[in-house]
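This report concerns only the one structure given below.
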Amino acid sequence: MDFDDTPEEAAFRAEARAWLERHATPKSGNDALGRFLRGVDEDVHVRKCREWQRTLYDGGWAGVTWPKEYGGRGGTPIQGAIFNQEQAKFDVSTGAFAVGIGMVGPTLIAHGTDAQKQRYLDPMLRGDEIWCQLFSEPGAGSDLAGLQTKAIRDGGEWVVNGQKVWNSGAHYSDWGILLARTSADKPKHDGITYFVVDMRTPGIDVRPLTQINGAAHFNEVFLTDVRIPVENVIGEIDGGWGVARTTLANERTLIGGISSIGTADIARLARECGRTADPVIRQGIADVHIHYEVLRYLGFRTFTALSQGRMPGPEASVMKLAVSAQQSRVGDLVMAIEGASGMLIDDDAPARGVWQQAFLTQWSSKIGGGTDQIQRNVMGERVLGLPREPKA
């Protein structure tokens with residue numbers, strides 16, 4: 001593994017940091033935990049995301065790895081990773097564009113037609129259009145290829161009926177990427193088509209889902225006789241599974257980022273709660289610190305592959321699984337530190353309840369982008385060469 005930037009990478013990092021320092025405010029010590037606070041005005045958050053995305057676009061930093069002809073910078077994957085590292089140190093909002101920039105864009109670049117790239121990529125990078133993902137269904141989560149939403153061809157349109165669930169940000173998105181079954185008589189992986197759909201199309205009903213932490217980040221989406229133009233198919237008809245795999249690979253990399261909570265934050269909480277002399281708590285803090293270091297070195301593996309011009313393979317699944325485990329480890333530890341105060345929430349709890357929110361939020365990373373069990377299957381089959389899971 002490489003632990004240091006090459007001279008070229010160091011120069012790029014310095015350029016990115018200098019631009020960010022001119023256009024954004026560095027995070028303070030408590031900003032890393034602010035993302036867990038409940039009651040944040042969603043409209044304000046989306047507006048800030050749009051404003052920052054436009055700032056990136058105007059400054060030439062939107063889509064670092066995207067081709068220049070589509071509004072990107074034409075950089076390498078390692079340059080994109082370096083910029084994301086530096087941007088994470090500043091108080092900027094980007095979450096509303098995670099699906100579009102992180103998942104849809106790379107998929108369109110790989111599989112879209114020239115007309116589709118021209119239509120969708122530049123508005124996405126400018127911050128004009130927000131995207132969501134319409135993949136999972138009530139009966140097709142881990143077994144995504146078992147989806148039942150149907151699309152039937154009607155002249156120059158497809159008519160779609162079905163239900164999707166766990167759709168992040170669908171209630172404020174302009175466009176969605178949709179998987180639907182277009183051939184019922186083919187093996188389940190071979191009869192799926194990948195569409196883009198205007199979320200304002202008649203027949204789309206978006207219903208927010210209130211989560212265990214009181215937020216409504218996810219939605220369920222009902223599609224009733226939704227008409228999608230034939231030119232909105234990405235890739236081949238009945239060939240959507242291959243396109244979807246590109247999206248899913250990018251999603252796992254996106255979710256597998258290292259958490260911004262650090263050992264210092266947890267140690268500070270232990271001091272505030274008077275728990276620093278407890279040997280079990282001390283051992284828990286040490287254990288969390290050790291696993292943060294493991295995550296850091298796993299990150300070096302991914303960065304090494306990118307720096308050498310290789311796309312990471314199973315590293316994305318390894319990172320995602322490791323991050324999920326660490327979030328559980330942190331959540332359990334901070335609740336143990338707070339003791340009875342851990343039953344409180346919001347302003348009644350220590351630190352306005354950010355630790356309670358961190359504890360409750362841990363399950364989203366265990367499910368989204370492929371469950372922990374699915375990630376273990378990927379590693380077992382593609383890394384260890386174990387037999388495939390038997391099909392029911």
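Just remember, in the structure tokens the first chain shown is A, the second B, etc., residues are 1-based per chain, and ligands are 1-based in the order shown.
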Backbone-only DSSP, helix (DSSP H, G or I) members of range 173-284 of chain A, as a PyMOL selection string | chain A and resi 230-232+240-255+263-272+279-284
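For Gly95 in chain A, the residues within 9 Å (counting only C-alpha atoms, excluding itself and residues fewer than 5 positions away along the chain) are His45, Val46 and Cys49 of chain A.
Minimum distance to Tyr120 in chain A across A:Leu384, A:Ala340, A:Ala286, A:Val197 (counting only C-alpha atoms) occurs at A:Val197.
Using only C-alpha atoms for every distance, the candidate list A:Glu69, A:Asp372, A:Glu137, A:Asp58 yields A:Glu137 as the residue closest to Thr149 in chain A.
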What's around Ile130 in chain A at 8 Å? Count only C-alpha atoms, leave out sequence neighbours fewer than 2 positions away in its own chain, and write the answer as a PDB file with all heavy atoms, in the first residue's frame.
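So result02.pdb came out as:
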ATOM      1  N   ALA A  96     -27.739  16.283  -0.736  1.00  0.00           N
ATOM      2  CA  ALA A  96     -28.864  16.169  -1.657  1.00  0.00           C
ATOM      3  C   ALA A  96     -28.432  15.675  -3.034  1.00  0.00           C
ATOM      4  O   ALA A  96     -29.265  15.174  -3.807  1.00  0.00           O
ATOM      5  CB  ALA A  96     -29.576  17.517  -1.794  1.00  0.00           C
ATOM      6  N   PHE A  97     -27.146  15.796  -3.348  1.00  0.00           N
ATOM      7  CA  PHE A  97     -26.651  15.385  -4.663  1.00  0.00           C
ATOM      8  C   PHE A  97     -25.869  14.078  -4.614  1.00  0.00           C
ATOM      9  O   PHE A  97     -25.235  13.702  -5.597  1.00  0.00           O
ATOM     10  CB  PHE A  97     -25.783  16.501  -5.262  1.00  0.00           C
ATOM     11  CG  PHE A  97     -26.580  17.713  -5.660  1.00  0.00           C
ATOM     12  CD1 PHE A  97     -26.773  18.745  -4.761  1.00  0.00           C
ATOM     13  CD2 PHE A  97     -27.172  17.799  -6.900  1.00  0.00           C
ATOM     14  CE1 PHE A  97     -27.533  19.855  -5.105  1.00  0.00           C
ATOM     15  CE2 PHE A  97     -27.942  18.895  -7.257  1.00  0.00           C
ATOM     16  CZ  PHE A  97     -28.122  19.930  -6.359  1.00  0.00           C
ATOM     17  N   GLY A 100     -27.287  11.617  -7.249  1.00  0.00           N
ATOM     18  CA  GLY A 100     -27.033  12.078  -8.614  1.00  0.00           C
ATOM     19  C   GLY A 100     -25.563  12.066  -8.974  1.00  0.00           C
ATOM     20  O   GLY A 100     -25.148  11.394  -9.931  1.00  0.00           O
ATOM     21  N   MET A 124     -27.199  18.303 -13.669  1.00  0.00           N
ATOM     22  CA  MET A 124     -26.907  17.633 -12.417  1.00  0.00           C
ATOM     23  C   MET A 124     -25.716  18.294 -11.724  1.00  0.00           C
ATOM     24  O   MET A 124     -25.759  18.607 -10.524  1.00  0.00           O
ATOM     25  CB  MET A 124     -26.607  16.155 -12.692  1.00  0.00           C
ATOM     26  CG  MET A 124     -26.468  15.276 -11.476  1.00  0.00           C
ATOM     27  SD  MET A 124     -25.928  13.607 -11.954  1.00  0.00           S
ATOM     28  CE  MET A 124     -27.229  13.118 -13.095  1.00  0.00           C
ATOM     29  N   GLY A 127     -26.266  21.753 -10.183  1.00  0.00           N
ATOM     30  CA  GLY A 127     -27.124  21.830  -9.009  1.00  0.00           C
ATOM     31  C   GLY A 127     -28.555  22.181  -9.347  1.00  0.00           C
ATOM     32  O   GLY A 127     -29.344  22.500  -8.456  1.00  0.00           O
ATOM     33  N   ASP A 128     -28.915  22.090 -10.619  1.00  0.00           N
ATOM     34  CA  ASP A 128     -30.273  22.430 -11.037  1.00  0.00           C
ATOM     35  C   ASP A 128     -31.261  21.294 -10.780  1.00  0.00           C
ATOM     36  O   ASP A 128     -32.447  21.548 -10.557  1.00  0.00           O
ATOM     37  CB  ASP A 128     -30.296  22.776 -12.533  1.00  0.00           C
ATOM     38  CG  ASP A 128     -29.540  24.061 -12.840  1.00  0.00           C
ATOM     39  OD1 ASP A 128     -29.263  24.823 -11.899  1.00  0.00           O
ATOM     40  OD2 ASP A 128     -29.214  24.282 -14.018  1.00  0.00           O
ATOM     41  N   CYS A 132     -33.083  10.784  -7.330  1.00  0.00           N
ATOM     42  CA  CYS A 132     -33.304   9.738  -6.328  1.00  0.00           C
ATOM     43  C   CYS A 132     -33.251   8.380  -7.020  1.00  0.00           C
ATOM     44  O   CYS A 132     -33.222   8.287  -8.252  1.00  0.00           O
ATOM     45  CB  CYS A 132     -34.636   9.921  -5.606  1.00  0.00           C
ATOM     46  SG  CYS A 132     -36.103   9.729  -6.654  1.00  0.00           S
ATOM     47  N   TYR A 172     -38.118  15.384  -2.574  1.00  0.00           N
ATOM     48  CA  TYR A 172     -37.649  16.670  -3.113  1.00  0.00           C
ATOM     49  C   TYR A 172     -36.835  16.498  -4.399  1.00  0.00           C
ATOM     50  O   TYR A 172     -36.183  17.433  -4.859  1.00  0.00           O
ATOM     51  CB  TYR A 172     -36.832  17.451  -2.074  1.00  0.00           C
ATOM     52  CG  TYR A 172     -35.643  16.736  -1.480  1.00  0.00           C
ATOM     53  CD1 TYR A 172     -34.502  16.461  -2.233  1.00  0.00           C
ATOM     54  CD2 TYR A 172     -35.646  16.360  -0.139  1.00  0.00           C
ATOM     55  CE1 TYR A 172     -33.408  15.828  -1.680  1.00  0.00           C
ATOM     56  CE2 TYR A 172     -34.552  15.722   0.425  1.00  0.00           C
ATOM     57  CZ  TYR A 172     -33.432  15.458  -0.345  1.00  0.00           C
ATOM     58  OH  TYR A 172     -32.350  14.824   0.210  1.00  0.00           O
ATOM     59  N   SER A 173     -36.874  15.309  -4.994  1.00  0.00           N
ATOM     60  CA  SER A 173     -36.080  15.051  -6.196  1.00  0.00           C
ATOM     61  C   SER A 173     -36.822  15.452  -7.463  1.00  0.00           C
ATOM     62  O   SER A 173     -38.053  15.395  -7.537  1.00  0.00           O
ATOM     63  CB  SER A 173     -35.694  13.572  -6.276  1.00  0.00           C
ATOM     64  OG  SER A 173     -34.781  13.237  -5.257  1.00  0.00           O
ATOM     65  N   ASP A 174     -36.047  15.828  -8.477  1.00  0.00           N
ATOM     66  CA  ASP A 174     -36.599  16.179  -9.785  1.00  0.00           C
ATOM     67  C   ASP A 174     -36.677  14.963 -10.708  1.00  0.00           C
ATOM     68  O   ASP A 174     -37.588  14.848 -11.524  1.00  0.00           O
ATOM     69  CB  ASP A 174     -35.726  17.253 -10.443  1.00  0.00           C
ATOM     70  CG  ASP A 174     -35.586  18.485  -9.576  1.00  0.00           C
ATOM     71  OD1 ASP A 174     -36.594  19.187  -9.387  1.00  0.00           O
ATOM     72  OD2 ASP A 174     -34.472  18.748  -9.062  1.00  0.00           O
ATOM     73  N   TRP A 175     -35.689  14.053 -10.591  1.00  0.00           N
ATOM     74  CA  TRP A 175     -35.609  12.885 -11.451  1.00  0.00           C
ATOM     75  C   TRP A 175     -35.307  11.644 -10.606  1.00  0.00           C
ATOM     76  O   TRP A 175     -34.763  11.750  -9.508  1.00  0.00           O
ATOM     77  CB  TRP A 175     -34.513  13.049 -12.510  1.00  0.00           C
ATOM     78  CG  TRP A 175     -34.863  14.058 -13.558  1.00  0.00           C
ATOM     79  CD1 TRP A 175     -34.624  15.399 -13.517  1.00  0.00           C
ATOM     80  CD2 TRP A 175     -35.517  13.805 -14.792  1.00  0.00           C
ATOM     81  NE1 TRP A 175     -35.105  16.005 -14.652  1.00  0.00           N
ATOM     82  CE2 TRP A 175     -35.656  15.054 -15.465  1.00  0.00           C
ATOM     83  CE3 TRP A 175     -36.015  12.657 -15.419  1.00  0.00           C
ATOM     84  CZ2 TRP A 175     -36.251  15.164 -16.706  1.00  0.00           C
ATOM     85  CZ3 TRP A 175     -36.606  12.770 -16.662  1.00  0.00           C
ATOM     86  CH2 TRP A 175     -36.722  14.015 -17.293  1.00  0.00           C
TER      87      TRP A 175
END
Pick the closest to Ile177 in chain A from A:Tyr194, A:Trp355, A:Phe83, A:Trp61: which is it, counting only C-alpha atoms?
->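 When distances to Ile177 in chain A are compared using only C-alpha atoms, the smallest one comes from A:Tyr194.
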Give me every strand (DSSP E) residue in range 48-291 of chain A, going by DSSP on the backbone, as number ranges by chain.
-> A: 131-134, 150-154, 157-165, 175-181, 192-198, 204-209, 218-229, 233-234
Could you write out that same residue set with C-alpha atoms as a PDB file, in the first residue's frame?
ATOM      1  CA  TRP A 131     -31.990  12.702  -8.332  1.00  0.00           C
ATOM      2  CA  CYS A 132     -33.304   9.738  -6.328  1.00  0.00           C
ATOM      3  CA  GLN A 133     -33.117   5.968  -6.697  1.00  0.00           C
ATOM      4  CA  LEU A 134     -36.221   3.814  -7.300  1.00  0.00           C
ATOM      5  CA  LYS A 150     -43.871  -3.825 -14.354  1.00  0.00           C
ATOM      6  CA  ALA A 151     -43.366  -1.707 -17.462  1.00  0.00           C
ATOM      7  CA  ILE A 152     -45.447  -2.433 -20.575  1.00  0.00           C
ATOM      8  CA  ARG A 153     -44.645  -0.885 -23.967  1.00  0.00           C
ATOM      9  CA  ASP A 154     -47.399   1.301 -25.430  1.00  0.00           C
ATOM     10  CA  GLU A 157     -44.015   5.120 -24.120  1.00  0.00           C
ATOM     11  CA  TRP A 158     -43.693   2.604 -21.315  1.00  0.00           C
ATOM     12  CA  VAL A 159     -46.531   2.341 -18.787  1.00  0.00           C
ATOM     13  CA  VAL A 160     -45.257   1.520 -15.315  1.00  0.00           C
ATOM     14  CA  ASN A 161     -47.151   0.133 -12.315  1.00  0.00           C
ATOM     15  CA  GLY A 162     -45.680  -0.913  -8.982  1.00  0.00           C
ATOM     16  CA  GLN A 163     -44.271   0.189  -5.642  1.00  0.00           C
ATOM     17  CA  LYS A 164     -40.782   1.199  -4.510  1.00  0.00           C
ATOM     18  CA  VAL A 165     -39.487   1.772  -0.977  1.00  0.00           C
ATOM     19  CA  TRP A 175     -35.609  12.885 -11.451  1.00  0.00           C
ATOM     20  CA  GLY A 176     -35.355   9.232 -10.489  1.00  0.00           C
ATOM     21  CA  ILE A 177     -33.592   6.114 -11.764  1.00  0.00           C
ATOM     22  CA  LEU A 178     -36.060   3.246 -11.952  1.00  0.00           C
ATOM     23  CA  LEU A 179     -35.789  -0.520 -12.406  1.00  0.00           C
ATOM     24  CA  ALA A 180     -38.863  -2.286 -13.790  1.00  0.00           C
ATOM     25  CA  ARG A 181     -39.627  -5.720 -15.202  1.00  0.00           C
ATOM     26  CA  ILE A 192     -35.288  -5.882 -16.188  1.00  0.00           C
ATOM     27  CA  THR A 193     -34.959  -2.466 -17.841  1.00  0.00           C
ATOM     28  CA  TYR A 194     -33.355   0.678 -16.421  1.00  0.00           C
ATOM     29  CA  PHE A 195     -35.268   3.959 -16.861  1.00  0.00           C
ATOM     30  CA  VAL A 196     -34.943   7.594 -15.900  1.00  0.00           C
ATOM     31  CA  VAL A 197     -38.254   9.123 -14.823  1.00  0.00           C
ATOM     32  CA  ASP A 198     -39.416  12.680 -14.206  1.00  0.00           C
ATOM     33  CA  ILE A 204     -46.237   9.074  -9.018  1.00  0.00           C
ATOM     34  CA  ASP A 205     -47.210   9.247  -5.346  1.00  0.00           C
ATOM     35  CA  VAL A 206     -44.334   9.861  -2.886  1.00  0.00           C
ATOM     36  CA  ARG A 207     -45.008   9.145   0.794  1.00  0.00           C
ATOM     37  CA  PRO A 208     -42.302   9.907   3.402  1.00  0.00           C
ATOM     38  CA  LEU A 209     -41.478   7.196   5.957  1.00  0.00           C
ATOM     39  CA  PHE A 218     -36.679   7.716   3.155  1.00  0.00           C
ATOM     40  CA  ASN A 219     -39.912   7.354   1.187  1.00  0.00           C
ATOM     41  CA  GLU A 220     -42.184   4.806  -0.397  1.00  0.00           C
ATOM     42  CA  VAL A 221     -43.184   5.575  -3.968  1.00  0.00           C
ATOM     43  CA  PHE A 222     -46.309   4.261  -5.700  1.00  0.00           C
ATOM     44  CA  LEU A 223     -46.407   4.243  -9.510  1.00  0.00           C
ATOM     45  CA  THR A 224     -49.834   4.009 -11.137  1.00  0.00           C
ATOM     46  CA  ASP A 225     -49.981   4.051 -14.962  1.00  0.00           C
ATOM     47  CA  VAL A 226     -46.858   6.219 -15.061  1.00  0.00           C
ATOM     48  CA  ARG A 227     -45.873   6.952 -18.668  1.00  0.00           C
ATOM     49  CA  ILE A 228     -42.167   7.101 -19.493  1.00  0.00           C
ATOM     50  CA  PRO A 229     -40.897   7.988 -23.001  1.00  0.00           C
ATOM     51  CA  VAL A 233     -34.351   3.800 -21.288  1.00  0.00           C
ATOM     52  CA  ILE A 234     -30.690   3.562 -20.206  1.00  0.00           C
TER      53      ILE A 234
END
Excluding His217 in chain A and residues on its chain fewer than 2 positions from it, collect all residues at most 10 Å away from it, counting only C-alpha atoms, and give them as an MDAnalysis selection string.
-> chainID A and resid 42 166:171 208:211 214:215 219
If you measure from CA of Glu272 in chain A to CA of Glu293 in chain A, what distance in Å do you get, rounded to one decimal?
-> 24.5 Å
